[in-house]
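K.L.:
To start, I am sharing the structure in question, which I have written as structure tokens.
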Amino acid sequence: MKRIITAFGDLKFRSKLVLSTMLVALIPLLVLSVLTATVFVKNISRQSGRLTLQMVRQTSASLDIYISTIEKLMDLVIDEGSAAPVDDSVQIQTLRRLAGSILDAYPEIAGFCIAYEDEQYFGAGMSRISRDRFEDQYWWQYAVERQGRLGVLGSAVGRNVMGNLNDSSDTIFALVKAFSFGDGGSCRGVVMFDIRHDMIQQLINRVSIGEDGFLFVVDETDIVYTPSSAIVYRIDRESFQQTEADRSTVRIHDTDYFITNHSSSYSGWRVVGVIPELEFSASIRPVYQALCICIAVCLLLVVVVSLGISATVTRPISKLSRLMSKAEEGDFSVRFDARHQDEIGVLGSSFNHMLEHIGELIHELYEEKQIRLEAQLKSLQEQIKPHFLYNTLDTISWMARAQDALDVVRLVDALTNMFRVGLSSGRDYITLREEKSHAANYLYIQKVRYQDRLRYAMEIPNEYDQLVVPKLILQPLVENAIYHGVKMKRGGGQVRVTARVENEALFLSVWDDGAGIPPERLESIRRSEPRERQKGGFGLSYIAERIRLSYGPPYGVQIDSEEGTFTEVTVCLPVQEVSDV
């Protein structure tokens with residue numbers, strides 16, 4: 001890397017200008033190309049996912065519509081088959097005619113049957129192959145559990161009732177529904193329809209999700225129907241047991257496949273769509289080719305333009321460089337002929353003025369350097385003072401701690417924290433938490449001094465800690481409360497510091513139950529200007545003036561007092577978070 005930088009530095013200015021222009025042009029082009037390609041890929045992926053999900057939903061809805069149609073046929077069979085005992089010849093003839101109509105109209109129905117609680121049976125295209133009790137069969141028990149609602153069984157394996165034709169049990173699915181003879185009665189029978197998978201195949205074949213994409217159907221336990229595919233049984237079931245908003249990716253045989261699905265609350269089936277990721281990337285390749293051609297053409301244009309522009313820049317620079325070499329040798333009589341008022345012309349004029357005033361500039365530079373060194377030395381000395389103070393107080397604290405003088409330790413720590421907040425690294429605004437800590441340390445120090453004559457309470461909620469306030473806004477108010485209130489009252493008194501937020505304003509109040517202020521004096525303080533309040537001994541000028549200059553007329557200081565009872569000073573500030581400053 002260092003060799004590359006060195007080699008670039010040794011190039012002529014014109015070569016540097018051309019290379020730099022190419023680099024500056026190439027970076028935005030590459031960034032734009034990457035962003036364009038990324039957005040395009042995401043859009044294609046999003047649209048393909050939406051289209052696939054739409055096809056999956058459409059297939060699931062078609063299955064639901066078909067199954068609901070079969071359910072209506074089942075209700076018709078139940079109406080005819082549950083009206084009288086099955087041994088009634090009239091009923092049997094009616095059921096046979098109905099069965100013929102159904103099987104002729106719906107060739108995908110392999111057959112249906114009615115099984116009764118008393119082991120009677122009627123079948124159309126289906127036969128009872130064993131005398132096992134119906135109530136012991138899983139399909140009967142499943143239908144009873146559904147309590148008259150439609151049930152869907154994805155397989156016919158293990159039943160005592162099978163179709164008469166040569167349909168495999170793996171190529172059909174069954175719909176079951178329980179019924180009773182009377183209103184509110186117990187289950188008296190179950191109707192079961194066998195449907196060939198041809199119906200599902202026809203619905204799926206109507207949908208296209210790409211050249212190599214396909215759909216398949218699963219239930220809660222197994223695959224109901226799938227087209228011929230080598231990857232279906234390699235897909236982890238967890239890949240499609242998710243919400244519609246999610247889309248998972250699986251890798252099979254070094255190929256990534258996107259998986260999306262839709263679950264039907266009606267049938268309980270889940271239609272799963274599978275589409276190879278390569279079908280997405282195939283549509284993106286022309287975009288990459290177009291971007292590469294665009295980048296190449298733009299770079300060619302940049303080279304041609306930069307060569308022409310650099311020539312107009314480098315010629316006067318070369319001339320100026322030769323003149324500077326002569327001036328370096330001591331010839332200060334040379335001058336640059338500035339024909340144009342561009343940057344090079346301005347630079348040449350500045351070069352001429354430099355030669356005329358070089359001595360004066362050198363002298364001024366020397367003086368400026370001396371002033372800068374003195375300022376740095378003074379700044380260093382000012383930084384040493386607070387650090388020296390902190391280190392000294394820290395040493396006193398450790399010496400007191402070594403003597404188990406914990407009250408002295410706490411007093412010194414409180415004083416240290418007061419100084420630290422007071423300096424605040426030169427900041428004029430600090431958080432309310434820091435201001436509250438500073439006032440609390442001051443109150444503690446005064447408490448140690450006045451003992452039982454002073455009681456205080458700091459009632460500022462922690463939720464206001466991150467509000468920003470001017471530095472040292474509370475301590476002068478607390479000091480006034482002690483020296484002009486509590487100290488002047490026989491037996492001492494209490495100081496309470498509170499805060500509240502109302503109408504986007506922060507109110508900080510210092511209340512004491514000291515001597516109070518006479519009415520005439522209070523009215524005079526309220527009418528007087530902030531600068532005159534200082535003369536009155538209440539020290540409010542500093543606070544009132546800072547608030548007025550910082551925030552304007554809506555904010556300020558309010559005084560309320562009753563002689564011999566209390567005094568309360570309230571500061572009104574705007575609510576400002578740390579992030580707002």
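In the structure tokens, each chain is lettered A, B, ... as it comes, each chain's residues begin at 1, and ligands are numbered from 1 in order of appearance.
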Counting only C-alpha atoms, which residues of range 60-105 of chain A sit at most 10 Å from some atom of range 198-213 of chain A, and what is each one's closest atom pair with its distance in Å to one decimal, listed by chain and rising residue number, as a Markdown table?

P.N.:
| residue | atom | partner | partner_atom | distance |
| --- | --- | --- | --- | --- |
| A:Ser60 | CA | A:Leu203 | CA | 9.3 |
| A:Ser62 | CA | A:Leu203 | CA | 7.2 |
| A:Leu63 | CA | A:Ile200 | CA | 7.4 |
| A:Tyr66 | CA | A:Met199 | CA | 8.9 |

K.L.:
Could you write those residues out with N, CA and C atoms, as a compact mmCIF listing (two decimals), in the first residue's frame?

P.N.:
# COMPACT_ATOMS: atom_id res chain seq x y z
N SER A 60 -55.32 -22.69 -2.54
CA SER A 60 -55.96 -23.06 -1.27
C SER A 60 -57.43 -22.69 -1.28
N SER A 62 -59.36 -22.44 -3.95
CA SER A 62 -60.06 -23.35 -4.85
C SER A 62 -60.33 -24.68 -4.17
N LEU A 63 -59.35 -25.17 -3.40
CA LEU A 63 -59.56 -26.42 -2.66
C LEU A 63 -60.69 -26.27 -1.65
N TYR A 66 -63.99 -26.32 -3.46
CA TYR A 66 -64.38 -27.67 -3.88
C TYR A 66 -64.84 -28.51 -2.68

K.L.:
Name the residues in contact with range 448-456 of chain A at a cut-off of 12 Å, using only C-alpha atoms, excluding same-chain residues fewer than 3 positions from it; report them as a compact mmCIF listing (two decimals) with all heavy atoms, in the first residue's frame.

P.N.:
# COMPACT_ATOMS: atom_id res chain seq x y z
N ASP A 407 -17.23 11.03 58.81
CA ASP A 407 -17.95 12.29 58.63
C ASP A 407 -17.09 13.30 57.87
O ASP A 407 -17.59 14.05 57.02
CB ASP A 407 -18.38 12.85 59.98
CG ASP A 407 -17.20 12.95 60.96
OD1 ASP A 407 -16.14 12.36 60.66
OD2 ASP A 407 -17.36 13.62 61.99
N VAL A 408 -15.78 13.28 58.15
CA VAL A 408 -14.87 14.15 57.42
C VAL A 408 -14.77 13.70 55.96
O VAL A 408 -14.75 14.52 55.02
CB VAL A 408 -13.47 14.16 58.07
CG1 VAL A 408 -12.51 15.04 57.26
CG2 VAL A 408 -13.57 14.67 59.50
N ARG A 410 -17.06 12.18 54.17
CA ARG A 410 -18.27 12.57 53.43
C ARG A 410 -18.28 14.07 53.17
O ARG A 410 -18.72 14.53 52.10
CB ARG A 410 -19.50 12.16 54.22
CG ARG A 410 -20.80 12.44 53.48
CD ARG A 410 -22.00 11.96 54.23
NE ARG A 410 -23.22 12.31 53.51
CZ ARG A 410 -24.45 12.12 53.98
NH1 ARG A 410 -24.62 11.59 55.19
NH2 ARG A 410 -25.51 12.46 53.26
N LEU A 411 -17.79 14.86 54.14
CA LEU A 411 -17.76 16.30 53.96
C LEU A 411 -16.81 16.69 52.84
O LEU A 411 -17.13 17.51 51.98
CB LEU A 411 -17.34 16.98 55.28
CG LEU A 411 -17.40 18.51 55.30
CD1 LEU A 411 -18.83 18.97 55.11
CD2 LEU A 411 -16.83 19.03 56.62
N VAL A 412 -15.63 16.07 52.80
CA VAL A 412 -14.65 16.37 51.75
C VAL A 412 -15.17 15.92 50.38
O VAL A 412 -15.03 16.62 49.38
CB VAL A 412 -13.30 15.69 52.07
CG1 VAL A 412 -12.34 15.86 50.88
CG2 VAL A 412 -12.69 16.32 53.31
N ALA A 414 -18.27 15.69 49.49
CA ALA A 414 -19.32 16.62 49.07
C ALA A 414 -18.71 17.89 48.50
O ALA A 414 -19.18 18.43 47.48
CB ALA A 414 -20.24 16.95 50.25
N LEU A 415 -17.63 18.40 49.14
CA LEU A 415 -16.98 19.59 48.64
C LEU A 415 -16.33 19.32 47.27
O LEU A 415 -16.40 20.16 46.36
CB LEU A 415 -15.91 20.05 49.65
CG LEU A 415 -15.16 21.35 49.29
CD1 LEU A 415 -16.13 22.50 49.13
CD2 LEU A 415 -14.10 21.65 50.36
N ALA A 439 -26.46 21.00 44.54
CA ALA A 439 -27.22 21.63 45.62
C ALA A 439 -27.29 20.73 46.86
O ALA A 439 -27.22 21.21 48.00
CB ALA A 439 -28.63 21.97 45.14
N ALA A 440 -27.42 19.41 46.63
CA ALA A 440 -27.49 18.48 47.76
C ALA A 440 -26.18 18.47 48.53
O ALA A 440 -26.17 18.42 49.78
CB ALA A 440 -27.84 17.08 47.25
N ASN A 441 -25.04 18.51 47.82
CA ASN A 441 -23.74 18.55 48.50
C ASN A 441 -23.59 19.84 49.30
O ASN A 441 -23.06 19.85 50.42
CB ASN A 441 -22.61 18.43 47.47
CG ASN A 441 -22.51 17.02 46.92
OD1 ASN A 441 -22.67 16.05 47.65
ND2 ASN A 441 -22.26 16.91 45.62
N TYR A 442 -24.06 20.96 48.73
CA TYR A 442 -23.98 22.23 49.45
C TYR A 442 -24.83 22.17 50.72
O TYR A 442 -24.40 22.62 51.79
CB TYR A 442 -24.44 23.36 48.54
CG TYR A 442 -24.45 24.70 49.22
CD1 TYR A 442 -23.29 25.43 49.40
CD2 TYR A 442 -25.64 25.24 49.72
CE1 TYR A 442 -23.30 26.67 50.03
CE2 TYR A 442 -25.66 26.47 50.36
CZ TYR A 442 -24.49 27.19 50.51
OH TYR A 442 -24.50 28.40 51.15
N LEU A 443 -26.04 21.64 50.62
CA LEU A 443 -26.91 21.52 51.80
C LEU A 443 -26.29 20.62 52.86
O LEU A 443 -26.41 20.88 54.07
CB LEU A 443 -28.29 20.98 51.38
CG LEU A 443 -29.22 22.00 50.70
CD1 LEU A 443 -30.39 21.29 50.06
CD2 LEU A 443 -29.70 23.03 51.73
N TYR A 444 -25.64 19.54 52.40
CA TYR A 444 -25.01 18.65 53.38
C TYR A 444 -23.89 19.37 54.14
O TYR A 444 -23.76 19.24 55.37
CB TYR A 444 -24.45 17.42 52.67
CG TYR A 444 -23.65 16.53 53.59
CD1 TYR A 444 -24.28 15.72 54.54
CD2 TYR A 444 -22.26 16.54 53.55
CE1 TYR A 444 -23.54 14.94 55.39
CE2 TYR A 444 -21.52 15.75 54.40
CZ TYR A 444 -22.15 14.95 55.34
OH TYR A 444 -21.42 14.16 56.19
N ILE A 445 -23.08 20.14 53.39
CA ILE A 445 -21.99 20.87 54.06
C ILE A 445 -22.57 21.86 55.07
O ILE A 445 -22.08 21.98 56.21
CB ILE A 445 -21.12 21.58 53.00
CG1 ILE A 445 -20.40 20.55 52.12
CG2 ILE A 445 -20.12 22.51 53.67
CD1 ILE A 445 -19.65 21.16 50.95
N GLU A 459 -36.57 17.16 46.94
CA GLU A 459 -37.73 16.45 46.38
C GLU A 459 -37.86 16.69 44.87
O GLU A 459 -38.86 17.17 44.37
CB GLU A 459 -39.01 16.90 47.09
CG GLU A 459 -38.98 16.62 48.59
CD GLU A 459 -40.20 17.18 49.30
OE1 GLU A 459 -41.02 17.84 48.63
OE2 GLU A 459 -40.35 16.94 50.52
N VAL A 478 -30.55 28.26 47.31
CA VAL A 478 -30.42 27.54 48.58
C VAL A 478 -29.62 28.37 49.58
O VAL A 478 -29.95 28.44 50.78
CB VAL A 478 -29.77 26.17 48.33
CG1 VAL A 478 -29.47 25.48 49.66
CG2 VAL A 478 -30.66 25.28 47.47
N ALA A 481 -31.81 30.99 50.99
CA ALA A 481 -32.78 30.42 51.93
C ALA A 481 -32.15 30.19 53.29
O ALA A 481 -32.79 30.35 54.34
CB ALA A 481 -33.34 29.12 51.36
N ILE A 482 -30.87 29.81 53.30
CA ILE A 482 -30.19 29.53 54.59
C ILE A 482 -29.82 30.84 55.29
O ILE A 482 -30.13 31.04 56.48
CB ILE A 482 -28.95 28.65 54.34
CG1 ILE A 482 -29.39 27.26 53.83
CG2 ILE A 482 -28.14 28.51 55.62
CD1 ILE A 482 -28.23 26.36 53.44
N TYR A 483 -29.14 31.74 54.56
CA TYR A 483 -28.58 32.93 55.23
C TYR A 483 -29.62 34.02 55.48
O TYR A 483 -29.49 34.79 56.44
CB TYR A 483 -27.43 33.49 54.39
CG TYR A 483 -26.18 32.65 54.48
CD1 TYR A 483 -25.84 31.76 53.47
CD2 TYR A 483 -25.34 32.74 55.61
CE1 TYR A 483 -24.70 30.97 53.56
CE2 TYR A 483 -24.19 31.95 55.70
CZ TYR A 483 -23.88 31.08 54.68
OH TYR A 483 -22.76 30.31 54.78
N GLY A 485 -33.04 33.29 55.54
CA GLY A 485 -34.27 32.70 56.06
C GLY A 485 -34.05 31.91 57.32
O GLY A 485 -34.38 32.34 58.44
N VAL A 486 -33.46 30.72 57.19
CA VAL A 486 -33.29 29.82 58.33
C VAL A 486 -32.38 30.41 59.39
O VAL A 486 -32.64 30.34 60.60
CB VAL A 486 -32.75 28.46 57.83
CG1 VAL A 486 -32.44 27.55 59.01
CG2 VAL A 486 -33.76 27.80 56.90
N LYS A 487 -31.26 31.01 58.95
CA LYS A 487 -30.29 31.56 59.91
C LYS A 487 -30.88 32.71 60.73
O LYS A 487 -30.51 32.91 61.90
CB LYS A 487 -29.05 32.02 59.14
CG LYS A 487 -27.92 32.49 60.04
CD LYS A 487 -26.71 32.88 59.20
CE LYS A 487 -25.59 33.41 60.11
NZ LYS A 487 -24.41 33.83 59.33
N MET A 488 -31.81 33.46 60.14
CA MET A 488 -32.39 34.61 60.82
C MET A 488 -33.55 34.21 61.74
O MET A 488 -34.12 35.07 62.42
CB MET A 488 -32.90 35.61 59.78
CG MET A 488 -31.83 36.08 58.79
SD MET A 488 -30.41 36.85 59.59
CE MET A 488 -31.18 38.31 60.28
N LYS A 489 -33.91 32.95 61.75
CA LYS A 489 -35.03 32.50 62.58
C LYS A 489 -34.50 31.82 63.83
O LYS A 489 -33.59 30.98 63.76
CB LYS A 489 -35.91 31.52 61.78
CG LYS A 489 -37.09 30.98 62.55
CD LYS A 489 -37.88 30.01 61.68
CE LYS A 489 -39.04 29.43 62.47
NZ LYS A 489 -39.81 28.44 61.65
N ARG A 490 -35.09 32.15 64.96
CA ARG A 490 -34.67 31.54 66.22
C ARG A 490 -34.98 30.04 66.17
O ARG A 490 -36.09 29.63 65.86
CB ARG A 490 -35.40 32.19 67.39
CG ARG A 490 -34.98 31.64 68.76
CD ARG A 490 -35.81 32.28 69.85
NE ARG A 490 -35.65 33.72 69.88
CZ ARG A 490 -34.68 34.36 70.53
NH1 ARG A 490 -33.79 33.68 71.23
NH2 ARG A 490 -34.61 35.68 70.51
N GLY A 491 -34.00 29.24 66.48
CA GLY A 491 -34.18 27.79 66.50
C GLY A 491 -33.99 27.13 65.15
O GLY A 491 -34.14 25.92 65.01
N GLY A 492 -33.66 27.88 64.12
CA GLY A 492 -33.41 27.29 62.81
C GLY A 492 -34.69 27.00 62.04
O GLY A 492 -35.77 27.46 62.39
N GLY A 493 -34.57 26.22 60.97
CA GLY A 493 -35.74 25.91 60.16
C GLY A 493 -35.42 24.87 59.09
O GLY A 493 -34.41 24.16 59.16
N GLN A 494 -36.29 24.83 58.10
CA GLN A 494 -36.20 23.79 57.07
C GLN A 494 -36.12 24.44 55.69
O GLN A 494 -36.73 25.46 55.43
CB GLN A 494 -37.43 22.87 57.13
CG GLN A 494 -37.42 21.77 56.08
CD GLN A 494 -38.68 20.92 56.13
OE1 GLN A 494 -39.61 21.25 56.85
NE2 GLN A 494 -38.71 19.85 55.37
N VAL A 495 -35.35 23.77 54.79
CA VAL A 495 -35.25 24.16 53.38
C VAL A 495 -35.72 22.97 52.55
O VAL A 495 -35.28 21.84 52.76
CB VAL A 495 -33.80 24.54 53.00
CG1 VAL A 495 -33.72 24.84 51.50
CG2 VAL A 495 -33.35 25.75 53.80
N ARG A 496 -36.60 23.24 51.58
CA ARG A 496 -37.12 22.17 50.71
C ARG A 496 -36.96 22.60 49.26
O ARG A 496 -37.38 23.70 48.88
CB ARG A 496 -38.58 21.89 51.03
CG ARG A 496 -39.15 20.72 50.21
CD ARG A 496 -40.52 20.27 50.71
NE ARG A 496 -41.52 21.30 50.50
CZ ARG A 496 -42.17 21.94 51.46
NH1 ARG A 496 -41.88 21.66 52.74
NH2 ARG A 496 -43.07 22.85 51.19
N VAL A 497 -36.34 21.72 48.46
CA VAL A 497 -36.11 21.97 47.03
C VAL A 497 -37.01 21.03 46.23
O VAL A 497 -36.95 19.81 46.43
CB VAL A 497 -34.63 21.75 46.64
CG1 VAL A 497 -34.41 22.08 45.16
CG2 VAL A 497 -33.72 22.60 47.52
N THR A 498 -37.86 21.58 45.36
CA THR A 498 -38.81 20.78 44.59
C THR A 498 -38.73 21.14 43.11
O THR A 498 -38.13 22.16 42.75
CB THR A 498 -40.26 20.98 45.08
OG1 THR A 498 -40.60 22.37 44.92
CG2 THR A 498 -40.39 20.60 46.54
N VAL A 510 -37.34 26.73 45.66
CA VAL A 510 -36.61 26.60 46.94
C VAL A 510 -37.46 27.29 48.01
O VAL A 510 -37.68 28.51 47.94
CB VAL A 510 -35.21 27.22 46.85
CG1 VAL A 510 -34.51 27.13 48.19
CG2 VAL A 510 -34.38 26.54 45.76
N TRP A 511 -37.94 26.50 48.96
CA TRP A 511 -38.85 26.99 49.99
C TRP A 511 -38.17 26.85 51.35
O TRP A 511 -37.47 25.87 51.61
CB TRP A 511 -40.14 26.16 49.95
CG TRP A 511 -41.14 26.48 51.03
CD1 TRP A 511 -42.17 27.34 50.97
CD2 TRP A 511 -41.20 25.88 52.33
NE1 TRP A 511 -42.87 27.35 52.13
CE2 TRP A 511 -42.29 26.45 53.00
CE3 TRP A 511 -40.43 24.93 53.01
CZ2 TRP A 511 -42.64 26.11 54.30
CZ3 TRP A 511 -40.76 24.58 54.30
CH2 TRP A 511 -41.86 25.17 54.93
N ASP A 512 -38.37 27.86 52.20
CA ASP A 512 -37.86 27.76 53.57
C ASP A 512 -38.90 28.35 54.51
O ASP A 512 -39.72 29.20 54.12
CB ASP A 512 -36.52 28.50 53.70
CG ASP A 512 -36.67 30.01 53.58
OD1 ASP A 512 -36.97 30.66 54.60
OD2 ASP A 512 -36.51 30.54 52.45
N ASP A 513 -38.89 27.89 55.74
CA ASP A 513 -39.82 28.39 56.76
C ASP A 513 -39.10 29.33 57.72
O ASP A 513 -39.31 29.30 58.93
CB ASP A 513 -40.48 27.23 57.52
CG ASP A 513 -39.45 26.34 58.20
OD1 ASP A 513 -38.22 26.56 57.99
OD2 ASP A 513 -39.85 25.43 58.93
N GLY A 514 -38.21 30.14 57.16
CA GLY A 514 -37.40 31.05 57.97
C GLY A 514 -38.11 32.34 58.31
O GLY A 514 -39.34 32.39 58.46

K.L.:
Going by DSSP on the backbone, which residues of range 23-151 of chain A come out as alpha helix (DSSP H)? List them as a PyMOL selection string.

P.N.:
chain A and resi 23-81+89-105+138-145

K.L.:
Need the shell around Arg546 in chain A: protein/DNA/RNA residues with any atom at most 12 Å away, counting only C-alpha atoms. Skip same-chain ones fewer than 2 positions apart. Format as JSON, numbers by chain?

P.N.:
{"A": [428, 429, 469, 470, 471, 472, 473, 530, 531, 540, 541, 542, 543, 544, 548, 549, 550, 551, 552, 553, 555, 556, 557, 571, 572, 573]}

K.L.:
Quick one: of A:Val305, A:Ile65, A:Cys113, A:Leu29, who's nearest to Arg96 in chain A, counting only C-alpha atoms?

P.N.:
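For Arg96 in chain A, the nearest of the given residues is A:Cys113.
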
K.L.:
Taking only C-alpha atoms into account, name the residue in A:Thr260, A:Tyr121, A:Arg339, A:Glu356 that is nearest to Gln54 in chain A.

P.N.:
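When distances to Gln54 in chain A are compared using only C-alpha atoms, the smallest one comes from A:Thr260.
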
K.L.:
Of the candidates A:Gln341, A:Gln289, A:Ser333, A:Ser82, which shows the shortest atom-to-atom distance to Leu355 in chain A, using only C-alpha atoms?

P.N.:
A:Ser333

K.L.:
Distance CA of Tyr464 in chain A-CA of Arg433 in chain A, one decimal place?

P.N.:
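Pair CA of Tyr464 in chain A / CA of Arg433 in chain A returns 7.6 Å.
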
K.L.:
Give me the residues within 6 Å of Ile195 in chain A as a ChimeraX atom specification, counting only C-alpha atoms and dropping any in the same chain fewer than 4 places off.

P.N.:
/A:108-110,172-173

K.L.:
Rounded to one decimal in Å, what is the spacing between CA of Val152 in chain A and CA of Asp79 in chain A?

P.N.:
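Answer for the CA of Val152 in chain A to CA of Asp79 in chain A separation: 20.3 Å.
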
K.L.:
Met126 in chain A: which residues within 9 Å, counting only C-alpha atoms, same-chain residues fewer than 3 positions away excluded, as a ChimeraX atom specification?

P.N.:
/A:110-113,122-123,161-165,194

K.L.:
Using only C-alpha atoms, which of the listed residues (A:Gly330, A:Gly273, A:Gly345, A:Pro461) sits closest to Ile358 in chain A?

P.N.:
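Of A:Gly330, A:Gly273, A:Gly345, A:Pro461, the one nearest Ile358 in chain A, counting only C-alpha atoms, is A:Gly330.
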
K.L.:
Rounded to one decimal, what separation in Å do you get between CA of Leu35 in chain A and CA of Val274 in chain A?

P.N.:
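Taking CA of Leu35 in chain A and CA of Val274 in chain A, their separation equals 27.9 Å.
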
K.L.:
Using only C-alpha atoms, find the one residue out of A:Val144, A:Ile235, A:Leu53, A:Ile259 that sits nearest to Glu277 in chain A.

P.N.:
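Checking each of A:Val144, A:Ile235, A:Leu53, A:Ile259 against Glu277 in chain A, counting only C-alpha atoms, the winner is A:Ile259.
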